[in-house]
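Visitor: Just passing along the structure, written as structure tokens.
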Amino acid sequence: MTAGTKTGAGTRTGTGATPGSAVAPALDADALLDDPGIRIIVCCGSGGVGKTTTAAALGVRAAERGRKVVVLTIDPARRLAQSMGIDSLDNVPRRVPGIDGEGAGELHAMMLDMKRTFDEIVEAHAEGERARAILENPFYQSLSAGFAGTQEYMAMEKLGQLRARNEWDLIIVDTPPSRSALDFLDAPKRLGSFLDGTFIKLLMAPAKMGGRAGMKFLNVGMSMMTGTLGKLLGGQFLRDVQTFVAAMDTMFGGFRTRADATYRLLQAPGTAFLVVATPERDALREAAYFVERLAAEEMPLAGLVLNRVHGSDAARLSAEHALTAAENLDDIGIVDQAAGKAGLRDPADSAVISPEDPESTPSPARSEHSRTPEIDQAPGTKADLVSVEQLTAGLLRLHAERMQVVAREQHTRERFASLHPEVAVTEVAALPGDVHDLAGLRAIGDRLATDSTPAGAA
């Protein structure tokens, strides 16, 4: 049994699995966090599914269970700093105050500064004069500030740096909010392809050949290419690129070596991937794709965190029965449906019509004791009396809508489980508000650890 799963009494079938189908284990988050062999947890998934909150909640829970943890986020919204009570996060790990409990460890948090990480690499692997030439090069400044894929690669670099320091028991990574969650895995290979590409090799060739031979090669072999690129990109831009490539020549091998090493680190047994998703079709489709990609790359998947799952404490009342009850109230004329919704009638019109005699004279619907008090409204508007039945019909329709959401989420979970019954899952019930402090992160951590499937959602 791998860390992070549980069997026996803690095992449940894959959500919605048909009789006789494979049993999907529940994700045991505490076992994963407590396992000393797990040194890296990578939270990944599509945008807007709660990766940052999940990573922070795991960090708080792991630290309060005794581990020394650092959470690395690449989220530009800075929500992690706010929820942890830190004024700001930067490229240096900062200790989070307020980690409580007997035997509690430490929690540190940091936010990736993409350009600063790139600068640190240059300063560490180039001599003073060459480092300054690179840092001041216009092409380098554009590349380090926002070149496609740079953020993902620098996240990998920073992960490698943190692991090499061997200062923390556990590193939790919140992957970049990229177009695709797969960009984080692809970054090292894309960098290697770029550095090994024909364009870079051609630009590096003159510097490598040196002297007159290099100039001859440049004048003869590259005149057409540089002339064309100069027209397209601008001569100064091309010279900046060539200067950058010449200065970085000795560093390219180091980039490839570190990228390969970090990729192997992600494949190592001490790493665990958590795919985070919401019970929505697009998010679970992306999660399924990521699960398949991790398997293809032989990277260890701990399980799926299904976030913001809805349920109801009144799940025994189905959407169909709730709507039927609301319609029964409509049939006796209590709720005005002329506008196509649960509108409120004028009190004078709130009467019961005898079903035996539709033409009969209306009689008072209820006594004054069955009505709610008048509702205060804005000045200049009429305050209507709202009957108990009117409120009941409206609440029944709200409940029906809720149960329809629950059913839709259930269907998407069943589909994922049928495709990947082997994936361990923990479900986190939706909170009524946003998470903005350590108490909120602890609440999320509790739900992660206890598989807080809400009533009506299982």
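Scheme for the structure tokens: letters A, B, ... for chains in order shown; per-chain residue numbers from 1; ligand numbers from 1 in order shown.
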As a PyMOL selection string, please: all residues of range 78-177 of chain A that backbone DSSP puts in strand (DSSP E or B).

Guide: chain A and resi 94-95+106-111+170-174

Visitor: Deliver the residues from the most recent selection as a file, using C-alpha atoms, as an mmCIF file, in the first residue's frame.

Guide:
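For reference, selection06.cif as written:
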data_model
loop_
_atom_site.group_PDB
_atom_site.id
_atom_site.type_symbol
_atom_site.label_atom_id
_atom_site.label_comp_id
_atom_site.auth_asym_id
_atom_site.auth_seq_id
_atom_site.Cartn_x
_atom_site.Cartn_y
_atom_site.Cartn_z
ATOM 1 C CA ARG A 94 9.694 33.505 5.426
ATOM 2 C CA ARG A 95 8.529 31.845 8.621
ATOM 3 C CA GLU A 106 7.738 25.121 11.378
ATOM 4 C CA LEU A 107 6.055 26.593 8.339
ATOM 5 C CA HIS A 108 7.810 28.822 5.838
ATOM 6 C CA ALA A 109 6.302 30.357 2.723
ATOM 7 C CA MET A 110 7.682 32.064 -0.369
ATOM 8 C CA MET A 111 6.541 33.343 -3.730
ATOM 9 C CA LEU A 170 8.695 18.805 3.198
ATOM 10 C CA ILE A 171 8.443 21.116 0.195
ATOM 11 C CA ILE A 172 4.940 21.848 -1.107
ATOM 12 C CA VAL A 173 4.731 23.389 -4.576
ATOM 13 C CA ASP A 174 1.774 25.338 -5.916
#

Visitor: Residues at most 8 Å from Ala288 in chain A, counting only C-alpha atoms, excluding those fewer than 4 positions away in the same chain, as a list in words?

Guide: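 Selected residues are Leu284, Glu292, Phe416 and His420 of chain A.
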
Visitor: Need to verify the contact set: range 148-158 of chain A, 7 Å, only C-alpha atoms, exclusion of same-chain residues closer than 3 positions in sequence. Can you return it as number ranges by chain?

Guide: A: 112, 114, 117-118, 144, 161-162, 176, 183-184, 187-188, 262

Visitor: Which distance in Å separates CA of Gly66 in chain A and CA of Thr450 in chain A, to one decimal?

Guide: 18.8 Å

Visitor: Select, from A:Leu301, A:Ala31, A:Ala104, A:Ala56, the residue with the minimum atom-to-atom distance to Ser83 in chain A, counting only C-alpha atoms.

Guide: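 Ranking A:Leu301, A:Ala31, A:Ala104, A:Ala56 by distance to Ser83 in chain A, first place goes to A:Ala56.
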
Visitor: Do you know which residues are at most 7 Å from range 447-449 of chain A counting only C-alpha atoms, after dropping those on the same chain fewer than 5 positions away, and could you put them as a PDB file with N, CA, C and O atoms, in the first residue's frame?

Guide:
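The result, written out as selection.pdb:
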ATOM      1  N   ASP A  28      -5.644   9.304   1.998  1.00  0.00           N
ATOM      2  CA  ASP A  28      -5.366   9.601   3.403  1.00  0.00           C
ATOM      3  C   ASP A  28      -4.330  10.717   3.453  1.00  0.00           C
ATOM      4  O   ASP A  28      -3.126  10.478   3.385  1.00  0.00           O
ATOM      5  N   ALA A  29      -4.816  11.952   3.561  1.00  0.00           N
ATOM      6  CA  ALA A  29      -3.916  13.102   3.511  1.00  0.00           C
ATOM      7  C   ALA A  29      -2.940  13.112   4.676  1.00  0.00           C
ATOM      8  O   ALA A  29      -1.761  13.470   4.515  1.00  0.00           O
ATOM      9  N   ASP A  30      -3.391  12.729   5.868  1.00  0.00           N
ATOM     10  CA  ASP A  30      -2.497  12.745   7.029  1.00  0.00           C
ATOM     11  C   ASP A  30      -1.362  11.731   6.879  1.00  0.00           C
ATOM     12  O   ASP A  30      -0.220  12.004   7.265  1.00  0.00           O
ATOM     13  N   THR A 426      -9.958  12.355  -2.223  1.00  0.00           N
ATOM     14  CA  THR A 426     -10.556  12.952  -1.035  1.00  0.00           C
ATOM     15  C   THR A 426     -11.398  14.122  -1.497  1.00  0.00           C
ATOM     16  O   THR A 426     -11.007  14.869  -2.397  1.00  0.00           O
ATOM     17  N   GLU A 427     -12.575  14.257  -0.913  1.00  0.00           N
ATOM     18  CA  GLU A 427     -13.504  15.301  -1.310  1.00  0.00           C
ATOM     19  C   GLU A 427     -13.594  16.362  -0.224  1.00  0.00           C
ATOM     20  O   GLU A 427     -13.694  16.046   0.963  1.00  0.00           O
ATOM     21  N   VAL A 428     -13.544  17.619  -0.633  1.00  0.00           N
ATOM     22  CA  VAL A 428     -13.546  18.748   0.301  1.00  0.00           C
ATOM     23  C   VAL A 428     -14.836  19.524   0.097  1.00  0.00           C
ATOM     24  O   VAL A 428     -15.081  20.074  -0.980  1.00  0.00           O
TER      25      VAL A 428
END

Visitor: When you draw a straight line from CA of Gln267 in chain A to CA of Met299 in chain A, how long is it in Å?

Guide: 4.5 Å
